[in-house]
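Chemist: The structure file upload.tsv (TSV, C-alpha atoms and all ligand atoms) is provided below.
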```tsv
chain	number	residue	atom	x	y	z
P	9	MET	CA	0.00	0.00	0.00
P	10	ALA	CA	2.90	2.36	0.74
P	11	ILE	CA	4.20	1.83	-2.80
P	12	ARG	CA	0.70	2.30	-4.26
P	13	GLN	CA	0.38	5.57	-2.38
P	14	SER	CA	3.86	6.87	-3.21
P	15	TRP	CA	6.22	6.17	-6.12
P	16	GLY	CA	4.04	3.38	-7.55
P	17	LYS	CA	0.91	5.50	-7.90
P	18	PRO	CA	-0.08	5.85	-11.56
P	19	ARG	CA	0.94	9.34	-12.64
P	20	THR	CA	2.26	11.43	-15.50
P	21	ILE	CA	5.81	12.71	-15.11
P	22	ARG	CA	7.09	15.10	-17.81
P	23	LYS	CA	4.27	13.85	-20.05
P	24	GLN	CA	5.33	10.22	-19.52
P	25	ASN	CA	2.88	7.75	-17.99
P	26	VAL	CA	4.32	5.80	-15.08
P	27	VAL	CA	2.58	2.76	-13.57
P	28	ALA	CA	3.61	0.00	-11.17
P	29	PHE	CA	2.62	-3.66	-11.03
P	30	PHE	CA	3.25	-6.27	-8.36
P	31	LEU	CA	4.63	-9.67	-9.33
P	32	LEU	CA	3.49	-12.67	-7.32
P	33	GLY	CA	3.71	-16.43	-7.43
P	34	SER	CA	1.61	-18.70	-5.24
P	35	THR	CA	1.96	-19.75	-1.60
P	36	VAL	CA	3.70	-23.01	-0.75
P	37	THR	CA	0.59	-24.34	0.95
P	38	LEU	CA	-1.81	-23.01	-1.71
P	39	GLN	CA	-4.18	-21.57	0.89
P	40	HIS	CA	-7.44	-20.76	-0.82
P	41	GLU	CA	-8.10	-17.88	1.54
P	42	ASP	CA	-4.84	-16.14	0.59
P	43	GLN	CA	-5.60	-16.56	-3.08
P	44	ALA	CA	-9.15	-15.24	-2.64
P	45	ASN	CA	-7.79	-12.19	-0.81
P	46	LEU	CA	-5.28	-11.62	-3.56
P	47	VAL	CA	-7.99	-11.75	-6.23
P	48	ASP	CA	-10.04	-9.23	-4.20
P	49	GLU	CA	-7.00	-6.97	-3.95
P	50	HIS	CA	-6.40	-7.25	-7.66
P	51	ASN	CA	-10.02	-6.44	-8.45
P	52	LYS	CA	-9.64	-3.32	-6.35
P	53	TYR	CA	-6.31	-2.06	-7.70
P	54	ASN	CA	-5.77	-3.87	-11.00
P	55	ASP	CA	-2.03	-4.09	-10.46
P	56	ILE	CA	-1.19	-7.70	-9.63
P	57	ILE	CA	0.49	-10.11	-12.02
P	58	GLN	CA	0.52	-13.72	-10.90
P	59	LYS	CA	1.68	-17.09	-12.17
P	60	ASP	CA	1.64	-20.60	-10.70
P	61	PHE	CA	5.17	-20.98	-9.34
P	62	ILE	CA	5.93	-21.15	-5.63
P	63	ASP	CA	6.86	-17.67	-4.48
P	64	VAL	CA	10.20	-18.20	-2.72
P	65	TYR	CA	13.50	-16.36	-2.91
P	66	PHE	CA	15.11	-18.86	-5.25
P	67	ASN	CA	12.24	-18.56	-7.69
P	68	LEU	CA	12.92	-14.88	-8.29
P	69	THR	CA	14.25	-15.74	-11.73
P	70	LEU	CA	10.85	-17.22	-12.65
P	71	LYS	CA	9.18	-14.12	-11.23
P	72	THR	CA	11.34	-11.78	-13.30
P	73	LEU	CA	10.74	-13.80	-16.44
P	74	MET	CA	7.01	-13.68	-15.74
P	75	GLY	CA	7.31	-9.88	-15.65
P	76	LEU	CA	9.19	-9.80	-18.94
P	77	GLU	CA	6.64	-12.12	-20.54
P	78	TRP	CA	3.85	-9.86	-19.34
P	79	ILE	CA	5.57	-6.81	-20.86
P	80	GLN	CA	5.91	-8.65	-24.12
P	81	TYR	CA	2.18	-9.48	-24.31
P	82	PHE	CA	0.42	-6.68	-22.47
P	83	CYS	CA	2.70	-3.66	-22.58
P	84	PRO	CA	4.09	-3.40	-26.12
P	85	GLU	CA	3.69	0.39	-26.18
P	86	THR	CA	5.97	1.10	-23.21
P	87	THR	CA	9.45	2.57	-23.68
P	88	PHE	CA	11.16	1.62	-20.40
P	89	VAL	CA	10.71	-1.01	-17.73
P	90	MET	CA	12.10	-1.14	-14.22
P	91	LYS	CA	12.33	-4.22	-12.04
P	92	THR	CA	12.67	-3.46	-8.34
P	93	ASP	CA	11.85	-4.86	-4.91
P	94	THR	CA	9.21	-3.92	-2.34
P	95	ASP	CA	11.70	-2.61	0.24
P	96	MET	CA	12.88	0.08	-2.15
P	97	PHE	CA	12.42	3.80	-2.40
P	98	VAL	CA	12.33	4.70	-6.10
P	99	ASN	CA	12.47	8.30	-7.23
P	100	THR	CA	10.48	7.85	-10.43
P	101	ILE	CA	10.53	11.61	-11.06
P	102	TYR	CA	14.32	11.75	-11.23
P	103	LEU	CA	14.42	8.47	-13.14
P	104	VAL	CA	12.15	9.87	-15.86
P	105	ASP	CA	14.29	13.04	-16.01
P	106	LEU	CA	17.48	11.04	-16.46
P	107	LEU	CA	15.96	8.72	-19.06
P	108	LEU	CA	14.71	11.69	-21.08
P	109	GLN	CA	18.17	13.29	-20.86
P	110	LYS	CA	19.89	10.06	-21.87
P	111	LYS	CA	17.90	9.92	-25.10
P	112	VAL	CA	18.44	6.21	-25.69
P	113	THR	CA	15.41	4.04	-26.30
P	114	ALA	CA	16.89	0.73	-27.47
P	115	ASN	CA	19.48	-1.82	-26.33
P	116	PHE	CA	19.70	0.01	-23.03
P	117	PHE	CA	20.15	-1.59	-19.61
P	118	THR	CA	21.13	0.26	-16.44
P	119	GLY	CA	21.12	0.10	-12.66
P	120	PHE	CA	23.76	-0.46	-9.97
P	121	LEU	CA	26.48	-2.03	-12.13
P	122	LYS	CA	28.26	-5.15	-11.00
P	123	LEU	CA	31.06	-5.58	-13.48
P	124	ASN	CA	33.41	-7.95	-11.71
P	125	ASP	CA	31.43	-10.19	-9.35
P	126	SER	CA	32.39	-13.78	-8.55
P	127	PRO	CA	30.16	-16.64	-7.38
P	128	ILE	CA	30.16	-17.09	-3.59
P	129	ARG	CA	31.62	-20.53	-2.89
P	130	ASN	CA	31.00	-20.56	0.87
P	131	PRO	CA	28.19	-23.11	1.48
P	132	LYS	CA	27.03	-21.13	4.53
P	133	SER	CA	26.15	-18.08	2.44
P	134	LYS	CA	22.58	-17.33	1.32
P	135	TRP	CA	24.01	-16.77	-2.16
P	136	TYR	CA	26.18	-19.92	-2.24
P	137	ILE	CA	26.63	-21.24	-5.76
P	138	SER	CA	28.15	-24.67	-6.36
P	139	LYS	CA	30.52	-25.37	-9.25
P	140	LEU	CA	27.79	-27.56	-10.67
P	141	GLU	CA	25.39	-24.60	-10.79
P	142	TYR	CA	28.04	-22.26	-12.21
P	143	PRO	CA	31.52	-23.51	-13.07
P	144	TYR	CA	33.21	-20.19	-13.96
P	145	ASP	CA	35.07	-17.79	-11.67
P	146	LYS	CA	33.35	-14.61	-12.79
P	147	TYR	CA	29.80	-13.56	-13.53
P	148	PRO	CA	29.20	-11.53	-16.66
P	149	PRO	CA	28.37	-7.83	-16.04
P	150	PHE	CA	24.93	-7.46	-14.45
P	151	CYS	CA	22.94	-4.97	-12.37
P	152	SER	CA	21.89	-5.41	-8.76
P	153	GLY	CA	18.40	-6.93	-8.56
P	154	THR	CA	17.40	-4.19	-6.12
P	155	GLY	CA	16.56	-2.02	-9.13
P	156	TYR	CA	17.40	-2.04	-12.80
P	157	VAL	CA	15.92	-0.25	-15.77
P	158	PHE	CA	15.88	-1.21	-19.43
P	159	SER	CA	14.40	-0.21	-22.74
P	160	ALA	CA	11.36	-2.35	-23.56
P	161	ASP	CA	13.02	-3.97	-26.59
P	162	VAL	CA	15.45	-5.61	-24.16
P	163	ALA	CA	12.52	-7.42	-22.48
P	164	LEU	CA	11.66	-9.05	-25.80
P	165	LYS	CA	15.26	-9.82	-26.57
P	166	ILE	CA	15.79	-11.47	-23.17
P	167	MET	CA	12.62	-13.56	-23.62
P	168	ASN	CA	14.04	-14.60	-26.96
P	169	VAL	CA	17.23	-16.08	-25.45
P	170	THR	CA	15.88	-17.66	-22.24
P	171	SER	CA	15.48	-21.03	-23.94
P	172	SER	CA	19.23	-21.11	-24.57
P	173	VAL	CA	20.35	-19.70	-21.18
P	174	PRO	CA	19.97	-22.42	-18.54
P	175	PHE	CA	18.01	-21.53	-15.39
P	176	PHE	CA	20.11	-19.85	-12.71
P	177	LYS	CA	18.60	-19.11	-9.31
P	178	LEU	CA	20.14	-15.65	-8.83
P	179	GLU	CA	17.73	-13.50	-10.80
P	180	ASP	CA	20.00	-10.52	-11.44
P	181	VAL	CA	22.89	-12.73	-12.55
P	182	TYR	CA	20.53	-14.68	-14.80
P	183	VAL	CA	19.50	-11.47	-16.55
P	184	GLY	CA	23.23	-10.66	-16.86
P	185	LEU	CA	23.83	-14.02	-18.53
P	186	CYS	CA	21.07	-13.23	-21.04
P	187	LEU	CA	22.50	-9.73	-21.69
P	188	ASP	CA	25.92	-11.29	-22.22
P	189	LYS	CA	24.44	-13.61	-24.83
P	190	LEU	CA	22.68	-10.64	-26.47
P	191	LYS	CA	25.85	-8.51	-26.31
P	192	ILE	CA	23.96	-5.72	-24.53
P	193	PRO	CA	26.35	-4.50	-21.82
P	194	PRO	CA	24.79	-2.75	-18.79
P	195	GLN	CA	25.74	0.92	-18.73
P	196	GLU	CA	25.59	3.91	-16.40
P	197	LEU	CA	22.52	6.12	-16.53
P	198	HIS	CA	24.30	9.20	-15.21
P	199	ASN	CA	27.80	10.50	-14.44
P	200	LYS	CA	26.99	10.35	-10.73
P	201	GLN	CA	25.81	7.28	-8.81
P	202	THR	CA	22.00	7.21	-8.67
P	203	PHE	CA	21.16	3.54	-8.01
P	204	PHE	CA	21.99	2.50	-4.44
P	205	PRO	CA	21.70	-1.18	-3.44
P	206	VAL	CA	22.01	-0.04	0.18
P	207	VAL	CA	20.04	2.39	2.33
P	208	VAL	CA	20.83	6.05	1.66
P	209	PRO	CA	20.48	8.25	4.79
P	210	PHE	CA	17.53	10.53	4.18
P	211	SER	CA	17.70	14.16	3.23
P	212	VAL	CA	15.36	15.82	0.74
P	213	CYS	CA	18.19	17.06	-1.47
P	214	LYS	CA	19.89	13.67	-1.46
P	215	TYR	CA	16.69	11.80	-2.30
P	216	ARG	CA	15.82	14.19	-5.09
P	217	ASN	CA	19.04	13.15	-6.81
P	218	ILE	CA	18.99	9.39	-6.48
P	219	VAL	CA	16.91	6.74	-8.24
P	220	THR	CA	16.95	3.94	-5.65
P	221	SER	CA	17.58	3.42	-1.96
P	222	HIS	CA	17.29	-0.05	-0.39
P	223	ARG	CA	15.78	-1.34	2.88
P	224	VAL	CA	13.33	1.51	3.33
P	225	GLN	CA	10.39	0.75	5.66
P	226	PRO	CA	6.86	1.34	4.27
P	227	ASN	CA	6.22	4.36	6.54
P	228	ASN	CA	9.50	5.90	5.39
P	229	ILE	CA	8.72	5.20	1.73
P	230	LEU	CA	5.63	7.35	2.24
P	231	LEU	CA	7.40	10.08	4.22
P	232	TYR	CA	10.36	10.37	1.86
P	233	TRP	CA	8.11	10.40	-1.19
P	234	GLU	CA	5.92	13.17	0.21
P	235	ALA	CA	9.02	15.19	1.12
P	236	VAL	CA	10.52	14.77	-2.37
P	237	GLU	CA	7.24	15.65	-4.09
P	238	ARG	CA	6.66	18.69	-1.89
P	239	SER	CA	10.16	20.04	-2.58
P	240	GLU	CA	9.91	19.93	-6.37
P	241	ASN	CA	10.16	23.69	-6.83
P	242	GLN	CA	12.72	24.17	-4.08
P	243	GLU	CA	16.45	24.82	-4.63
P	244	CYS	CA	18.92	22.15	-3.53
P	301	LIG	C1	9.75	-22.84	-7.72
P	301	LIG	O1	8.45	-23.06	-8.22
P	301	LIG	C2	8.30	-24.33	-8.81
P	301	LIG	C3	6.92	-24.37	-9.44
P	301	LIG	O2	5.93	-24.14	-8.46
P	301	LIG	C4	8.51	-25.41	-7.75
P	301	LIG	O3	8.38	-26.68	-8.35
P	301	LIG	C5	9.89	-25.24	-7.16
P	301	LIG	O4	10.05	-26.16	-6.09
P	301	LIG	C6	10.09	-23.83	-6.65
P	301	LIG	N1	11.46	-23.64	-6.25
P	301	LIG	C7	11.85	-23.59	-4.99
P	301	LIG	C8	13.31	-23.32	-4.77
P	301	LIG	O5	11.08	-23.74	-4.06
P	302	LIG	C1	14.47	-13.48	-31.73
P	302	LIG	O1	15.39	-14.40	-32.26
P	302	LIG	C2	15.21	-14.65	-33.64
P	302	LIG	C3	16.18	-15.76	-34.02
P	302	LIG	O2	17.46	-15.54	-33.55
P	302	LIG	C4	15.44	-13.35	-34.42
P	302	LIG	O3	15.24	-13.58	-35.79
P	302	LIG	C5	14.47	-12.30	-33.90
P	302	LIG	O4	14.73	-11.07	-34.54
P	302	LIG	C6	14.61	-12.14	-32.42
P	302	LIG	N1	13.61	-11.20	-31.91
P	302	LIG	C7	13.95	-10.20	-31.07
P	302	LIG	C8	12.83	-9.34	-30.61
P	302	LIG	O5	15.08	-9.98	-30.72
```
Could you rewrite the structure in this file as structure tokens?

Modeler:
Amino acid sequence: MAIRQSWGKPRTIRKQNVVAFFLLGSTVTLQHEDQANLVDEHNKYNDIIQKDFIDVYFNLTLKTLMGLEWIQYFCPETTFVMKTDTDMFVNTIYLVDLLLQKKVTANFFTGFLKLNDSPIRNPKSKWYISKLEYPYDKYPPFCSGTGYVFSADVALKIMNVTSSVPFFKLEDVYVGLCLDKLKIPPQELHNKQTFFPVVVPFSVCKYRNIVTSHRVQPNNILLYWEAVERSENQEC
């Protein structure tokens, strides 16, 4: 609800329509009550996309692909797509500004760049990857799954190569593997850092000039958004 009432609220920014959708799988136990509530919520807000995979962390790749598939079928007129998480503050106003300034509309992929990451081989880590899952020492360039943005053609192009890129449970790396195959290298959106995969301490001027901040509580998503919106005509 905090996202619906803040950065995810359908609005027009610099004449560009911005909308948000929520991607869901199904519960492990397939509780009918949960599903009925979800359908009610969708009927009310019309913003839920759902498919029949179990919604757990290591199915995030399936969730992301569901989103891309949805774009391909139901959103062919869009120019840009962002994939982000629910614990994120997203400054959609600044994002639209930067995308308009950038003036690229094809073969574009951006976010918090990870250009030299290696698989974590410590079995105790949440992100442990065995040599069987991924034999190489380096991942191809990718963007942190906390928030990345791409031109809509890239969604179609990724869908086009998924059948030849084997499933990999880390969603952001999987997208990187597809981009590598497509020879679309992730690039910076701006000459200053704007995507933060960590929490950025709040100040109005800081938040007006970033695209993402991570681990932001729902009440703070609302507060920060209101502060940013209210300050639009103010000097920083
Ligand atoms: C992901 O979803 C599929 C389809 O529901 C399920 O078979 C699989 O066990 C899930 N993966 C995990 C890691 O739970
Ligand atoms: C999908 O792949 C086919 C075969 O490689 C190619 O002809 C087609 O142009 C691709 N479509 C997109 C949208 O990239």

Chemist: Kindly indicate which residue among P:Ala44, P:Val162, P:Gly119, P:Phe97 lies nearest to Asn227 (chain P), using only C-alpha atoms for the distances.

Modeler: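 Ranked by minimum distance to Asn227 (chain P), first place goes to P:Phe97.
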
Chemist: Please identify every polymer residue within 8 Å of ligand LIG 302 (chain P), using all atoms listed in the file, and present the set as a JSON list (two decimals) with C-alpha atoms, keeping the file's coordinate frame.

Modeler:
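Ended up saving to pocket06.json:
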```
[["chain", "number", "residue", "atom", "x", "y", "z"],
["P", 161, "ASP", "CA", 13.02, -3.97, -26.59],
["P", 162, "VAL", "CA", 15.45, -5.61, -24.16],
["P", 164, "LEU", "CA", 11.66, -9.05, -25.80],
["P", 165, "LYS", "CA", 15.26, -9.82, -26.57],
["P", 166, "ILE", "CA", 15.79, -11.47, -23.17],
["P", 168, "ASN", "CA", 14.04, -14.60, -26.96],
["P", 169, "VAL", "CA", 17.23, -16.08, -25.45]]
```

Chemist: Give me the residues within 10 Å of Pro209 (chain P) as a list in words, counting all atoms listed in the file and dropping any in the same chain fewer than 6 places off.

Modeler: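 My reading of the contact set: Tyr215, Ser221 and Val224 of chain P.
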
Chemist: Ser239 (chain P): which residues within 9 Å, counting all atoms listed in the file, same-chain residues fewer than 3 positions away excluded, as JSON, numbers by chain?

Modeler: {"P": [212, 213, 216, 234, 235, 236, 242, 243]}

Chemist: Using all atoms listed in the file, which residues of the polymer chains come no farther than 10 Å from ligand LIG 301 (chain P)? I'd like the answer as a list in words.

Modeler: Gly33, Ser34, Thr35, Val36, Lys59, Asp60, Phe61, Ile62, Asp63, Val64, Tyr65, Phe66, Asn67, Leu68, Thr69, Leu70, Lys71 and Lys177 of chain P

Chemist: Give the answer as one residue: which of P:Ile229, P:Leu123, P:Leu197, P:Ile57 has the shortest atom-to-atom distance to Ser14 (chain P), using all atoms listed in the file?

Modeler: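 Among the listed residues, P:Ile229 lies closest to Ser14 (chain P).
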